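All remarks here apply to the structure that follows.
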Amino acid sequence: MKKYGAPSVKKAFAILSTISSSKDGMGVSDLAKKLKMAKSTVHGMTSALEELGAVMRDPLTKKYKLGFTLLEIGRSAYYQIDLQTSARPITEELMVRTQTSVFLGILNWDQVTILDIVESRQGLNITAPVGSTIPLFAGAVGKVFLACMPEEQAAKIVNSKGLPRFTANSFVDMDVYFSELRRVREKGYAVDDEEYIPGVRAVASPLMGLGQLQSAIWVVGFKASLDEKKMRTLTAETQKAAKTISR
């Protein structure tokens, strides 16, 4: 299969990389000369990057330096790597205590990206590839992320996308769903009772103290092995693990 070269993206990254190597910043002419690009191309690229906050130009020297947008992106990338490493011992212990699969994920625009998973050692378990995504409205974890947002932001997302019916138990009434989000906000956890996948229950709890990076852990198991007593244990253990990871 032929790979798409994306020349504009490569040029933009070349400009960013070159600027990052200069302590005092670089002007358009210097960038064009070093990268062997036309000045008009460099000017257009740096203007676009400046508009996005990826670079900023000194009004006196006219030289470009890296912008704060890259700082935020880099910080988020660091948190993701550090979060996965820090959380692993706790999620492994949570799996042993609950005998369910434990997921770690982050909010990624309008979906949830799975960063890590500790699979249950039961013969039949629930799993997913690391790096895969699930819908924002997918049961417990979606409710946790939406509940952690300002109410206006969550309402805007829900109203713009609507509530999908994954199963017969899915929340599709807006008023009922928003009441559920308020409950999640108060309790600090969310429960999924066959709302995303038939025959599957889950508990999710948010991870706090990671700046703008919204993350959560959630445990998933089959309803046949999770009665109400076990669900209460699952909830308590998940919240405890989330607080430990957050600390």
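Going by the structure tokens order, chains are called A, B, ..., each with residues numbered from 1, while ligands are numbered from 1 in the order shown.
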
Please identify all polymer residues within 10 Å of stretch 34-43 of chain A, counting only C-alpha atoms, omitting same-chain residues fewer than 2 positions from it, and present them as a PyMOL selection string.
chain A and resi 8+11-12+14-15+18+27-32+45-49

Would you mind telling me which residue in A:Thr167, A:Ile217, A:Lys23, A:Leu207 lies nearest to A:Ile114 when using only C-alpha atoms?
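Result for the nearest residue to A:Ile114: A:Ile217.
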
For atom CA of A:Gly188 and atom CA of A:Val144, quote the distance in Å rounded to one decimal.
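Atom-to-atom, atom CA of A:Gly188 to atom CA of A:Val144, that is 7.9 Å.
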
Skip A:Gly105 itself and residues of its chain fewer than 5 positions away, then list as an mmCIF file with C-alpha atoms, in the first residue's frame all residues within 8 Å of it, counting only C-alpha atoms.
data_model
loop_
_atom_site.group_PDB
_atom_site.id
_atom_site.type_symbol
_atom_site.label_atom_id
_atom_site.label_comp_id
_atom_site.auth_asym_id
_atom_site.auth_seq_id
_atom_site.Cartn_x
_atom_site.Cartn_y
_atom_site.Cartn_z
ATOM 1 C CA VAL A 112 -12.395 7.648 24.957
ATOM 2 C CA THR A 113 -8.947 6.234 24.149
ATOM 3 C CA ILE A 114 -7.819 3.145 26.060
ATOM 4 C CA LEU A 115 -4.298 3.646 27.458
ATOM 5 C CA ASP A 116 -3.922 0.373 29.294
ATOM 6 C CA SER A 215 -8.672 10.315 32.641
ATOM 7 C CA ALA A 216 -10.486 7.495 34.396
ATOM 8 C CA ILE A 217 -10.332 3.842 35.338
#

Would you list, as number ranges by chain, the residues of stretch 19-198 of chain A that end up in strand (DSSP E or B) under DSSP run on this structure's backbone?
A: 26, 55-57, 64-66, 101-108, 111-118, 133-135, 190-193

Give me the stretch 99-206 of chain A side of the contact with stretch 226-230 of chain A, cut-off 10 Å, one line per residue showing its nearest atom pair and distance in Å at one decimal, counting only C-alpha atoms, sorted by chain and residue number, as a Markdown table.
| residue | atom | partner | partner_atom | distance |
| --- | --- | --- | --- | --- |
| A:Thr100 | CA | A:Leu226 | CA | 9.6 |
| A:Val200 | CA | A:Leu226 | CA | 9.0 |
| A:Arg201 | CA | A:Leu226 | CA | 7.5 |
| A:Ala202 | CA | A:Leu226 | CA | 9.4 |

Rank A:Gly131, A:Leu70, A:Leu163, A:Ala147 by their smallest atom-to-atom distance to A:Leu52, using only C-alpha atoms, and report the top residue only.
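With only C-alpha atoms as the atom set, the closest residue is A:Leu70.
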
Residues within 12 Å of A:Glu51, only C-alpha atoms, excluding chain neighbours under 6 positions, as a PDB file with N, CA and C atoms, in the first residue's frame:
ATOM      1  N   GLY A  44       4.021  31.371   4.979  1.00  0.00           N
ATOM      2  CA  GLY A  44       2.659  30.848   5.078  1.00  0.00           C
ATOM      3  C   GLY A  44       2.521  29.825   6.195  1.00  0.00           C
ATOM      4  N   MET A  45       3.522  28.943   6.300  1.00  0.00           N
ATOM      5  CA  MET A  45       3.491  27.906   7.329  1.00  0.00           C
ATOM      6  C   MET A  45       3.596  28.510   8.725  1.00  0.00           C
ATOM      7  N   ARG A  57       5.791  34.866  17.580  1.00  0.00           N
ATOM      8  CA  ARG A  57       6.813  35.724  16.981  1.00  0.00           C
ATOM      9  C   ARG A  57       7.100  36.910  17.884  1.00  0.00           C
ATOM     10  N   GLY A  67       5.486  27.891  20.621  1.00  0.00           N
ATOM     11  CA  GLY A  67       4.377  28.477  21.358  1.00  0.00           C
ATOM     12  C   GLY A  67       3.874  27.599  22.489  1.00  0.00           C
ATOM     13  N   PHE A  68       2.918  28.146  23.242  1.00  0.00           N
ATOM     14  CA  PHE A  68       2.411  27.465  24.429  1.00  0.00           C
ATOM     15  C   PHE A  68       1.503  26.284  24.085  1.00  0.00           C
ATOM     16  N   THR A  69       0.947  26.264  22.887  1.00  0.00           N
ATOM     17  CA  THR A  69       0.123  25.122  22.493  1.00  0.00           C
ATOM     18  C   THR A  69       0.954  23.836  22.523  1.00  0.00           C
TER      19      THR A  69
END
